[in-house]
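The file work-v6.pdb comes next; it holds PDB, C-alpha atoms and all ligand atoms.
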```pdb
ATOM      1  CA  MET A   1     105.030-104.190 164.309
ATOM      2  CA  ILE A   2     103.553-105.669 167.504
ATOM      3  CA  THR A   3     103.663-103.792 170.824
ATOM      4  CA  PHE A   4     104.868-106.098 173.600
ATOM      5  CA  VAL A   5     103.444-104.674 176.827
ATOM      6  CA  THR A   6     105.784-105.734 179.619
ATOM      7  CA  THR A   7     107.786-104.242 182.467
ATOM      8  CA  ASN A   8     110.233-107.129 182.175
ATOM      9  CA  PRO A   9     113.214-106.466 179.855
ATOM     10  CA  GLY A  10     114.208-110.152 180.069
ATOM     11  CA  LYS A  11     110.925-111.274 178.520
ATOM     12  CA  PHE A  12     111.301-108.668 175.778
ATOM     13  CA  ARG A  13     114.862-109.796 174.979
ATOM     14  CA  GLU A  14     113.848-113.440 174.738
ATOM     15  CA  VAL A  15     110.786-112.956 172.554
ATOM     16  CA  SER A  16     112.474-110.398 170.274
ATOM     17  CA  ALA A  17     115.442-112.707 169.726
ATOM     18  CA  LYS A  18     113.078-115.542 168.856
ATOM     19  CA  LEU A  19     110.887-113.565 166.439
ATOM     20  CA  ALA A  20     113.355-111.184 164.753
ATOM     21  CA  PRO A  21     114.908-113.901 162.527
ATOM     22  CA  LEU A  22     111.360-114.669 161.335
ATOM     23  CA  GLY A  23     110.844-111.061 160.278
ATOM     24  CA  ILE A  24     108.449-110.268 163.160
ATOM     25  CA  ARG A  25     109.361-107.031 164.911
ATOM     26  CA  LEU A  26     108.358-105.998 168.419
ATOM     27  CA  ALA A  27     108.286-102.634 170.159
ATOM     28  CA  ARG A  28     108.349-102.561 173.952
ATOM     29  CA  ARG A  29     105.798-100.688 176.019
ATOM     30  CA  ASP A  30     107.002-100.589 179.627
ATOM     31  CA  ARG A  31     103.674-100.597 181.371
ATOM     32  CA  ALA A  32     102.426-102.475 184.427
ATOM     33  CA  TYR A  33      98.821-103.667 184.475
ATOM     34  CA  PRO A  34      96.848-105.010 187.408
ATOM     35  CA  GLU A  35      97.038-108.783 187.695
ATOM     36  CA  LEU A  36      93.700-110.352 188.405
ATOM     37  CA  GLN A  37      93.809-112.887 191.251
ATOM     38  CA  ALA A  38      92.723-115.943 189.302
ATOM     39  CA  ASP A  39      93.445-119.661 189.139
ATOM     40  CA  ARG A  40      94.645-119.671 185.558
ATOM     41  CA  LEU A  41      97.269-117.643 183.694
ATOM     42  CA  GLU A  42      94.825-117.344 180.827
ATOM     43  CA  ASP A  43      92.307-115.476 182.983
ATOM     44  CA  VAL A  44      95.062-113.063 184.043
ATOM     45  CA  VAL A  45      96.013-112.167 180.451
ATOM     46  CA  ARG A  46      92.412-111.880 179.291
ATOM     47  CA  PHE A  47      91.620-109.451 182.081
ATOM     48  CA  ALA A  48      94.765-107.400 181.377
ATOM     49  CA  ALA A  49      94.005-107.340 177.643
ATOM     50  CA  GLY A  50      90.755-105.481 178.263
ATOM     51  CA  LEU A  51      92.712-102.662 179.919
ATOM     52  CA  VAL A  52      95.642-102.639 177.498
ATOM     53  CA  ALA A  53      93.352-102.538 174.447
ATOM     54  CA  LYS A  54      92.049 -99.159 175.566
ATOM     55  CA  GLU A  55      95.566 -97.686 175.520
ATOM     56  CA  VAL A  56      97.555 -99.354 172.794
ATOM     57  CA  ARG A  57      96.916 -98.762 169.142
ATOM     58  CA  GLY A  58      97.252-101.706 166.820
ATOM     59  CA  GLU A  59      98.364-105.167 167.702
ATOM     60  CA  PHE A  60      99.746-105.919 171.158
ATOM     61  CA  LEU A  61     101.216-108.878 173.029
ATOM     62  CA  ILE A  62     100.946-109.722 176.741
ATOM     63  CA  ASP A  63     102.875-112.512 178.518
ATOM     64  CA  ASP A  64     101.866-114.035 181.827
ATOM     65  CA  SER A  65     104.033-116.839 183.125
ATOM     66  CA  GLY A  66     104.362-118.966 186.229
ATOM     67  CA  LEU A  67     106.414-121.681 187.871
ATOM     68  CA  PHE A  68     104.361-124.698 188.984
ATOM     69  CA  VAL A  69     106.061-126.948 191.563
ATOM     70  CA  GLU A  70     104.593-130.429 191.787
ATOM     71  CA  ALA A  71     105.419-131.161 195.447
ATOM     72  CA  LEU A  72     103.677-127.902 196.379
ATOM     73  CA  GLY A  73     100.462-128.694 194.511
ATOM     74  CA  GLY A  74     101.398-126.353 191.644
ATOM     75  CA  PHE A  75     102.362-123.421 193.890
ATOM     76  CA  PRO A  76     103.458-120.686 193.241
ATOM     77  CA  GLY A  77     101.799-120.882 189.751
ATOM     78  CA  VAL A  78      99.704-117.770 189.224
ATOM     79  CA  TYR A  79     101.235-116.327 192.411
ATOM     80  CA  SER A  80     104.781-116.522 191.034
ATOM     81  CA  SER A  81     105.492-112.815 190.942
ATOM     82  CA  TYR A  82     104.306-112.410 194.554
ATOM     83  CA  VAL A  83     106.471-115.325 195.693
ATOM     84  CA  TYR A  84     109.431-113.991 193.728
ATOM     85  CA  ARG A  85     109.125-110.642 195.525
ATOM     86  CA  THR A  86     108.570-112.146 198.982
ATOM     87  CA  LEU A  87     110.508-115.432 199.231
ATOM     88  CA  GLY A  88     112.726-115.131 196.163
ATOM     89  CA  PRO A  89     114.322-118.107 194.412
ATOM     90  CA  ALA A  90     116.312-119.125 197.519
ATOM     91  CA  GLY A  91     113.142-119.033 199.640
ATOM     92  CA  LEU A  92     111.320-121.274 197.196
ATOM     93  CA  VAL A  93     114.227-123.750 197.342
ATOM     94  CA  ARG A  94     113.921-123.743 201.149
ATOM     95  CA  LEU A  95     110.261-124.789 200.872
ATOM     96  CA  LEU A  96     111.515-127.950 199.171
ATOM     97  CA  GLN A  97     114.276-128.694 201.669
ATOM     98  CA  GLY A  98     114.561-132.433 202.288
ATOM     99  CA  ARG A  99     112.107-133.278 199.485
ATOM    100  CA  ARG A 100     113.162-135.774 196.857
ATOM    101  CA  GLU A 101     110.274-134.892 194.541
ATOM    102  CA  ARG A 102     111.545-131.760 192.736
ATOM    103  CA  ALA A 103     109.534-131.776 189.501
ATOM    104  CA  ALA A 104     108.291-128.414 188.259
ATOM    105  CA  ARG A 105     107.232-126.737 185.071
ATOM    106  CA  PHE A 106     107.196-123.248 183.679
ATOM    107  CA  GLU A 107     104.183-122.103 181.719
ATOM    108  CA  THR A 108     103.733-119.051 179.527
ATOM    109  CA  VAL A 109     100.480-117.747 178.151
ATOM    110  CA  PHE A 110     100.651-115.115 175.400
ATOM    111  CA  LEU A 111      97.715-113.016 174.365
ATOM    112  CA  LEU A 112      97.770-111.299 170.986
ATOM    113  CA  GLY A 113      95.203-108.520 170.999
ATOM    114  CA  ASN A 114      93.947-105.692 168.861
ATOM    115  CA  ARG A 115      91.124-103.394 169.870
ATOM    116  CA  GLY A 116      87.836-104.575 168.454
ATOM    117  CA  ARG A 117      89.105-107.975 167.385
ATOM    118  CA  PRO A 118      88.831-111.245 169.302
ATOM    119  CA  PRO A 119      92.108-111.999 171.097
ATOM    120  CA  ARG A 120      94.246-115.061 170.367
ATOM    121  CA  VAL A 121      95.958-117.040 173.099
ATOM    122  CA  PHE A 122      99.134-119.148 172.728
ATOM    123  CA  ARG A 123     100.812-121.383 175.304
ATOM    124  CA  GLY A 124     104.209-122.841 176.007
ATOM    125  CA  GLU A 125     105.479-125.198 178.701
ATOM    126  CA  CYS A 126     108.853-126.399 179.880
ATOM    127  CA  GLU A 127     109.265-129.321 182.285
ATOM    128  CA  GLY A 128     112.153-129.616 184.686
ATOM    129  CA  THR A 129     113.240-129.788 188.306
ATOM    130  CA  ILE A 130     114.062-127.334 191.087
ATOM    131  CA  ALA A 131     117.812-127.146 191.826
ATOM    132  CA  ARG A 132     119.126-127.644 195.393
ATOM    133  CA  ILE A 133     120.715-124.181 195.391
ATOM    134  CA  PRO A 134     120.406-121.204 192.999
ATOM    135  CA  ARG A 135     123.064-121.332 190.248
ATOM    136  CA  GLY A 136     124.000-118.816 187.553
ATOM    137  CA  HIS A 137     123.308-115.152 186.906
ATOM    138  CA  GLY A 138     121.748-115.316 183.447
ATOM    139  CA  GLY A 139     118.103-114.778 182.615
ATOM    140  CA  PHE A 140     115.770-113.429 185.301
ATOM    141  CA  GLY A 141     113.272-114.435 187.954
ATOM    142  CA  PHE A 142     113.441-118.094 188.958
ATOM    143  CA  ASP A 143     115.925-119.007 186.199
ATOM    144  CA  PRO A 144     118.777-119.801 188.675
ATOM    145  CA  ILE A 145     116.725-122.570 190.348
ATOM    146  CA  PHE A 146     115.157-124.249 187.307
ATOM    147  CA  VAL A 147     116.882-127.151 185.533
ATOM    148  CA  PRO A 148     115.001-128.039 182.336
ATOM    149  CA  THR A 149     114.557-131.729 181.593
ATOM    150  CA  GLY A 150     117.536-133.116 179.667
ATOM    151  CA  ALA A 151     119.928-130.428 180.931
ATOM    152  CA  ARG A 152     122.290-130.327 183.908
ATOM    153  CA  ARG A 153     122.531-126.566 184.108
ATOM    154  CA  THR A 154     119.879-124.144 185.323
ATOM    155  CA  PHE A 155     118.351-121.572 182.971
ATOM    156  CA  GLY A 156     120.439-119.075 184.960
ATOM    157  CA  GLU A 157     123.609-120.805 183.753
ATOM    158  CA  MET A 158     122.534-120.772 180.107
ATOM    159  CA  SER A 159     122.913-118.150 177.404
ATOM    160  CA  LEU A 160     119.824-116.463 176.012
ATOM    161  CA  ARG A 161     120.177-118.575 172.899
ATOM    162  CA  GLU A 162     120.277-121.816 174.931
ATOM    163  CA  LYS A 163     117.235-120.879 177.027
ATOM    164  CA  ASN A 164     115.421-119.752 173.896
ATOM    165  CA  ALA A 165     115.908-123.148 172.254
ATOM    166  CA  ILE A 166     113.808-124.946 174.887
ATOM    167  CA  SER A 167     111.919-122.565 177.151
ATOM    168  CA  HIS A 168     108.189-122.232 177.818
ATOM    169  CA  ARG A 169     108.302-118.671 176.420
ATOM    170  CA  ALA A 170     110.100-119.807 173.272
ATOM    171  CA  ARG A 171     107.402-122.453 172.718
ATOM    172  CA  ALA A 172     104.685-119.815 173.057
ATOM    173  CA  ALA A 173     106.620-117.562 170.649
ATOM    174  CA  GLU A 174     106.809-120.409 168.131
ATOM    175  CA  ALA A 175     103.042-120.907 168.339
ATOM    176  CA  LEU A 176     102.546-117.159 167.847
ATOM    177  CA  ALA A 177     104.926-117.115 164.858
ATOM    178  CA  HIS A 178     103.100-120.064 163.326
ATOM    179  CA  HIS A 179      99.801-118.205 163.615
ATOM    180  CA  LEU A 180     101.238-115.001 162.096
ATOM    181  CA  ARG A 181     102.779-116.909 159.181
ATOM    182  CA  ARG A 182      99.477-118.659 158.433
ATOM    183  CA  ARG A 183      97.607-115.382 158.648
ATOM    184  CA  ARG A 184      99.971-113.773 156.155
ATOM    185  CA  GLY A 185      99.325-116.741 153.904
TER     186      GLY A 185
HETATM  187  P1  LIG A 201     104.893-112.716 185.333
HETATM  188  O1  LIG A 201     103.681-112.517 186.225
HETATM  189  O2  LIG A 201     104.584-113.409 184.071
HETATM  190  O3  LIG A 201     105.669-111.459 185.076
HETATM  191  O4  LIG A 201     105.900-113.663 186.085
HETATM  192  C1  LIG A 201     105.692-114.211 187.346
HETATM  193  C2  LIG A 201     107.011-114.443 188.037
HETATM  194  O5  LIG A 201     107.665-115.533 187.410
HETATM  195  C3  LIG A 201     107.957-113.254 188.006
HETATM  196  O6  LIG A 201     108.590-113.142 189.261
HETATM  197  C4  LIG A 201     108.952-113.626 186.948
HETATM  198  O7  LIG A 201     110.225-113.111 187.263
HETATM  199  C5  LIG A 201     108.935-115.144 186.983
HETATM  200  N1  LIG A 201     109.170-115.642 185.640
HETATM  201  C6  LIG A 201     108.389-115.463 184.550
HETATM  202  N2  LIG A 201     108.962-116.025 183.474
HETATM  203  C7  LIG A 201     110.121-116.558 183.897
HETATM  204  C8  LIG A 201     111.171-117.238 183.235
HETATM  205  O8  LIG A 201     111.182-117.455 182.011
HETATM  206  N3  LIG A 201     112.194-117.622 184.005
HETATM  207  C9  LIG A 201     112.244-117.383 185.348
HETATM  208  N4  LIG A 201     111.309-116.744 186.009
HETATM  209  C10 LIG A 201     110.249-116.321 185.283
END
```
Could you write out this file's structure as structure tokens?
Ligand code: IMP
Amino acid sequence: MITFVTTNPGKFREVSAKLAPLGIRLARRDRAYPELQADRLEDVVRFAAGLVAKEVRGEFLIDDSGLFVEALGGFPGVYSSYVYRTLGPAGLVRLLQGRRERAARFETVFLLGNRGRPPRVFRGECEGTIARIPRGHGGFGFDPIFVPTGARRTFGEMSLREKNAISHRARAAEALAHHLRRRRG
């Protein structure tokens, strides 16, 4: 059993659905931790892990993710949760009004920790574009404005299963599962 420390039920649903068929079970710990102001998602999770390790017994998982918009120099990136709370998805779309360049990518960094042991970090990415208006009510966060490459619909218009087949978080979960399988031997 791994404790997934997250306040976000959407993240928990996605990762549980991905790992359960592989026999990896997660418990959710609904706890917020301070997010270090840093340039890289990896620095954010490593800082948080130091705090979480003092509280959680056994193995735990932390997820920090961000949306990186090319025409904005990678913004909001590590500031994604702040921009979600202030501008929201529609506000981010407005920043791109009139722009033809709409490329963006989601990134997820997972940290698997356990007090006293060196942490492991896993990554996942998903390339796509920013939609012209928010579409769909599925998923969470910026899902209604993100169209993954090769699709016409936004993540917000997809089922959990469809998002989980291609998303940044699903990729990170696959890397985590691969590590756990190898460790079990
Ligand atoms: P966090 O700091 O990892 O919780 O996420 C930063 C911001 O990005 C939050 O506002 C999330 O709602 C948003 N976000 C994280 N992952 C996703 C995703 O898979 N889809 C859409 N938005 C996401």
Could you name the residues that touch Leu26 in chain A at 7 Å or less, counting all atoms listed in the file, but leaving out those on the same chain fewer than 6 positions away, as a PDB file with C-alpha atoms, keeping the file's coordinate frame?
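Generated output (around11.pdb):
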```
ATOM      1  CA  MET A   1     105.030-104.190 164.309  1.00  0.00           C
ATOM      2  CA  ILE A   2     103.553-105.669 167.504  1.00  0.00           C
ATOM      3  CA  THR A   3     103.663-103.792 170.824  1.00  0.00           C
ATOM      4  CA  PHE A   4     104.868-106.098 173.600  1.00  0.00           C
ATOM      5  CA  SER A  16     112.474-110.398 170.274  1.00  0.00           C
TER       6      SER A  16
END
```
Spatial neighbours of Arg117 in chain A, max dist 12 Å, only C-alpha atoms, sep filter under 3 positions, as JSON, numbers by chain: {"A": [49, 50, 53, 58, 59, 60, 112, 113, 114, 120]}
Any chance you could tabulate, as a tab-separated table, the residues of chain A at most 9 Å from ligand LIG 201 (chain A) with each one's nearest atom pair and distance in Å to one decimal, using all atoms listed in the file, in chain and rising number order?
```
residue	atom	partner	partner_atom	distance
A:Thr6	CA	A:LIG201	O3	7.9
A:Thr7	CA	A:LIG201	O3	8.0
A:Asn8	CA	A:LIG201	O3	6.9
A:Gly10	CA	A:LIG201	O8	8.1
A:Lys11	CA	A:LIG201	O8	7.1
A:Glu14	CA	A:LIG201	O8	8.7
A:Glu35	CA	A:LIG201	O1	7.8
A:Leu41	CA	A:LIG201	O2	8.5
A:Val44	CA	A:LIG201	O1	8.9
A:Ile62	CA	A:LIG201	O2	9.0
A:Asp63	CA	A:LIG201	O2	5.9
A:Asp64	CA	A:LIG201	O2	3.6
A:Ser65	CA	A:LIG201	O2	3.6
A:Gly66	CA	A:LIG201	O5	4.9
A:Leu67	CA	A:LIG201	O5	6.3
A:Pro76	CA	A:LIG201	O5	8.8
A:Gly77	CA	A:LIG201	C1	8.1
A:Val78	CA	A:LIG201	C1	7.2
A:Tyr79	CA	A:LIG201	C1	7.1
A:Ser80	CA	A:LIG201	C2	4.3
A:Ser81	CA	A:LIG201	O6	3.5
A:Tyr82	CA	A:LIG201	O6	6.8
A:Val83	CA	A:LIG201	O6	7.1
A:Tyr84	CA	A:LIG201	O6	4.6
A:Arg85	CA	A:LIG201	O6	6.8
A:Gly88	CA	A:LIG201	O6	8.3
A:Phe106	CA	A:LIG201	C8	7.2
A:Glu107	CA	A:LIG201	N2	7.9
A:Thr108	CA	A:LIG201	N2	7.2
A:Val109	CA	A:LIG201	O2	8.4
A:Gly139	CA	A:LIG201	N3	6.7
A:Phe140	CA	A:LIG201	C9	5.3
A:Gly141	CA	A:LIG201	O7	3.4
A:Phe142	CA	A:LIG201	C9	3.9
A:Asp143	CA	A:LIG201	C9	4.1
A:Pro144	CA	A:LIG201	C9	7.7
A:Ile145	CA	A:LIG201	C9	8.5
A:Phe146	CA	A:LIG201	C9	7.7
A:Phe155	CA	A:LIG201	N3	7.4
A:Gly156	CA	A:LIG201	C9	8.4
A:Lys163	CA	A:LIG201	O8	8.6
A:Ser167	CA	A:LIG201	O8	7.1
A:His168	CA	A:LIG201	O8	7.0
A:Arg169	CA	A:LIG201	O8	6.4
```
Hits of the PyMOL selection byres (((chain A and resi 171) around 9) and not hetatm) in this structure, as a list in words: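 On this input, the PyMOL selection byres (((chain A and resi 171) around 9) and not hetatm) captures Thr108, Phe122, Arg123, Gly124, Glu125, Cys126, Asn164, Ala165, Ile166, Ser167, His168, Arg169, Ala170, Ala172, Ala173, Glu174, Ala175 and Leu176 of chain A.
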Selection under test: the PyMOL selection byres (((chain A and resi 100) around 12) and not hetatm); residues as a list in words: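 Taken on the displayed file, the PyMOL selection byres (((chain A and resi 100) around 12) and not hetatm) yields the residues Glu70, Ala71, Leu96, Gln97, Gly98, Arg99, Glu101, Arg102, Ala103, Thr129, Ile130, Ala131 and Arg132 of chain A.
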Proximity to Lys54 in chain A - best of A:Pro21, A:Gly74, A:Gly91, A:Gly116, all atoms listed in the file: A:Gly116
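Of note, CA of Pro89 in chain A and CA of Ser159 in chain A are spaced 19.1 Å apart.
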Of the listed residues A:Arg115, A:Val121, A:Leu72, A:Arg181, that which approaches Gly23 in chain A most closely, counting only C-alpha atoms: A:Arg181
Starting from the sparse input, extend range 154-165 of chain A to all heavy atoms and give the output as a PDB file, in the coordinates of the input.
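Result file follows (selection-v4.pdb):
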```pdb
ATOM      1  N   THR A 154     121.124-124.911 185.151  1.00  0.00           N
ATOM      2  CA  THR A 154     119.879-124.144 185.323  1.00  0.00           C
ATOM      3  C   THR A 154     119.745-123.170 184.147  1.00  0.00           C
ATOM      4  O   THR A 154     120.728-122.895 183.445  1.00  0.00           O
ATOM      5  CB  THR A 154     119.905-123.311 186.625  1.00  0.00           C
ATOM      6  OG1 THR A 154     120.923-122.310 186.510  1.00  0.00           O
ATOM      7  CG2 THR A 154     120.179-124.186 187.840  1.00  0.00           C
ATOM      8  N   PHE A 155     118.538-122.635 183.971  1.00  0.00           N
ATOM      9  CA  PHE A 155     118.351-121.572 182.971  1.00  0.00           C
ATOM     10  C   PHE A 155     119.284-120.402 183.281  1.00  0.00           C
ATOM     11  O   PHE A 155     119.757-119.717 182.370  1.00  0.00           O
ATOM     12  CB  PHE A 155     116.910-121.055 182.994  1.00  0.00           C
ATOM     13  CG  PHE A 155     115.940-121.797 182.108  1.00  0.00           C
ATOM     14  CD1 PHE A 155     114.580-121.771 182.400  1.00  0.00           C
ATOM     15  CD2 PHE A 155     116.358-122.486 180.976  1.00  0.00           C
ATOM     16  CE1 PHE A 155     113.660-122.412 181.586  1.00  0.00           C
ATOM     17  CE2 PHE A 155     115.451-123.140 180.154  1.00  0.00           C
ATOM     18  CZ  PHE A 155     114.088-123.097 180.460  1.00  0.00           C
ATOM     19  N   GLY A 156     119.550-120.177 184.560  1.00  0.00           N
ATOM     20  CA  GLY A 156     120.439-119.075 184.960  1.00  0.00           C
ATOM     21  C   GLY A 156     121.874-119.272 184.505  1.00  0.00           C
ATOM     22  O   GLY A 156     122.644-118.309 184.441  1.00  0.00           O
ATOM     23  N   GLU A 157     122.253-120.510 184.223  1.00  0.00           N
ATOM     24  CA  GLU A 157     123.609-120.805 183.753  1.00  0.00           C
ATOM     25  C   GLU A 157     123.677-120.895 182.228  1.00  0.00           C
ATOM     26  O   GLU A 157     124.729-121.223 181.678  1.00  0.00           O
ATOM     27  CB  GLU A 157     124.091-122.131 184.363  1.00  0.00           C
ATOM     28  CG  GLU A 157     124.245-122.071 185.875  1.00  0.00           C
ATOM     29  CD  GLU A 157     124.560-123.423 186.474  1.00  0.00           C
ATOM     30  OE1 GLU A 157     123.734-124.354 186.334  1.00  0.00           O
ATOM     31  OE2 GLU A 157     125.630-123.569 187.098  1.00  0.00           O
ATOM     32  N   MET A 158     122.568-120.658 181.575  1.00  0.00           N
ATOM     33  CA  MET A 158     122.534-120.772 180.107  1.00  0.00           C
ATOM     34  C   MET A 158     122.569-119.393 179.456  1.00  0.00           C
ATOM     35  O   MET A 158     122.183-118.395 180.055  1.00  0.00           O
ATOM     36  CB  MET A 158     121.241-121.480 179.663  1.00  0.00           C
ATOM     37  CG  MET A 158     121.169-122.914 180.095  1.00  0.00           C
ATOM     38  SD  MET A 158     119.669-123.686 179.427  1.00  0.00           S
ATOM     39  CE  MET A 158     119.787-125.293 180.217  1.00  0.00           C
ATOM     40  N   SER A 159     122.986-119.387 178.191  1.00  0.00           N
ATOM     41  CA  SER A 159     122.913-118.150 177.404  1.00  0.00           C
ATOM     42  C   SER A 159     121.463-117.942 176.978  1.00  0.00           C
ATOM     43  O   SER A 159     120.636-118.867 177.064  1.00  0.00           O
ATOM     44  CB  SER A 159     123.796-118.270 176.160  1.00  0.00           C
ATOM     45  OG  SER A 159     123.263-119.266 175.309  1.00  0.00           O
ATOM     46  N   LEU A 160     121.178-116.748 176.502  1.00  0.00           N
ATOM     47  CA  LEU A 160     119.824-116.463 176.012  1.00  0.00           C
ATOM     48  C   LEU A 160     119.461-117.435 174.890  1.00  0.00           C
ATOM     49  O   LEU A 160     118.355-117.957 174.832  1.00  0.00           O
ATOM     50  CB  LEU A 160     119.753-115.015 175.527  1.00  0.00           C
ATOM     51  CG  LEU A 160     118.390-114.567 175.006  1.00  0.00           C
ATOM     52  CD1 LEU A 160     118.051-113.192 175.558  1.00  0.00           C
ATOM     53  CD2 LEU A 160     118.354-114.526 173.507  1.00  0.00           C
ATOM     54  N   ARG A 161     120.432-117.682 174.031  1.00  0.00           N
ATOM     55  CA  ARG A 161     120.177-118.575 172.899  1.00  0.00           C
ATOM     56  C   ARG A 161     119.824-120.000 173.379  1.00  0.00           C
ATOM     57  O   ARG A 161     118.914-120.633 172.852  1.00  0.00           O
ATOM     58  CB  ARG A 161     121.417-118.612 172.015  1.00  0.00           C
ATOM     59  CG  ARG A 161     121.263-119.457 170.781  1.00  0.00           C
ATOM     60  CD  ARG A 161     122.612-119.574 170.097  1.00  0.00           C
ATOM     61  NE  ARG A 161     122.887-118.419 169.278  1.00  0.00           N
ATOM     62  CZ  ARG A 161     122.587-118.351 167.977  1.00  0.00           C
ATOM     63  NH1 ARG A 161     122.022-119.374 167.380  1.00  0.00           N
ATOM     64  NH2 ARG A 161     122.869-117.285 167.283  1.00  0.00           N
ATOM     65  N   GLU A 162     120.555-120.466 174.411  1.00  0.00           N
ATOM     66  CA  GLU A 162     120.277-121.816 174.931  1.00  0.00           C
ATOM     67  C   GLU A 162     118.892-121.885 175.586  1.00  0.00           C
ATOM     68  O   GLU A 162     118.143-122.834 175.379  1.00  0.00           O
ATOM     69  CB  GLU A 162     121.350-122.220 175.950  1.00  0.00           C
ATOM     70  CG  GLU A 162     122.687-122.531 175.320  1.00  0.00           C
ATOM     71  CD  GLU A 162     123.787-122.722 176.347  1.00  0.00           C
ATOM     72  OE1 GLU A 162     123.893-121.881 177.285  1.00  0.00           O
ATOM     73  OE2 GLU A 162     124.540-123.696 176.226  1.00  0.00           O
ATOM     74  N   LYS A 163     118.572-120.881 176.389  1.00  0.00           N
ATOM     75  CA  LYS A 163     117.235-120.879 177.027  1.00  0.00           C
ATOM     76  C   LYS A 163     116.153-120.794 175.957  1.00  0.00           C
ATOM     77  O   LYS A 163     115.131-121.480 176.022  1.00  0.00           O
ATOM     78  CB  LYS A 163     117.118-119.701 178.012  1.00  0.00           C
ATOM     79  CG  LYS A 163     115.770-119.661 178.731  1.00  0.00           C
ATOM     80  CD  LYS A 163     115.613-118.503 179.708  1.00  0.00           C
ATOM     81  CE  LYS A 163     114.179-118.455 180.249  1.00  0.00           C
ATOM     82  NZ  LYS A 163     113.866-117.241 181.016  1.00  0.00           N
ATOM     83  N   ASN A 164     116.412-119.973 174.949  1.00  0.00           N
ATOM     84  CA  ASN A 164     115.421-119.752 173.896  1.00  0.00           C
ATOM     85  C   ASN A 164     115.204-120.971 173.006  1.00  0.00           C
ATOM     86  O   ASN A 164     114.259-121.008 172.228  1.00  0.00           O
ATOM     87  CB  ASN A 164     115.859-118.565 173.030  1.00  0.00           C
ATOM     88  CG  ASN A 164     114.939-117.365 173.207  1.00  0.00           C
ATOM     89  OD1 ASN A 164     113.926-117.448 173.895  1.00  0.00           O
ATOM     90  ND2 ASN A 164     115.293-116.270 172.572  1.00  0.00           N
ATOM     91  N   ALA A 165     116.096-121.946 173.074  1.00  0.00           N
ATOM     92  CA  ALA A 165     115.908-123.148 172.254  1.00  0.00           C
ATOM     93  C   ALA A 165     114.874-124.076 172.888  1.00  0.00           C
ATOM     94  O   ALA A 165     114.283-124.916 172.191  1.00  0.00           O
ATOM     95  CB  ALA A 165     117.234-123.877 172.079  1.00  0.00           C
TER      96      ALA A 165
END
```
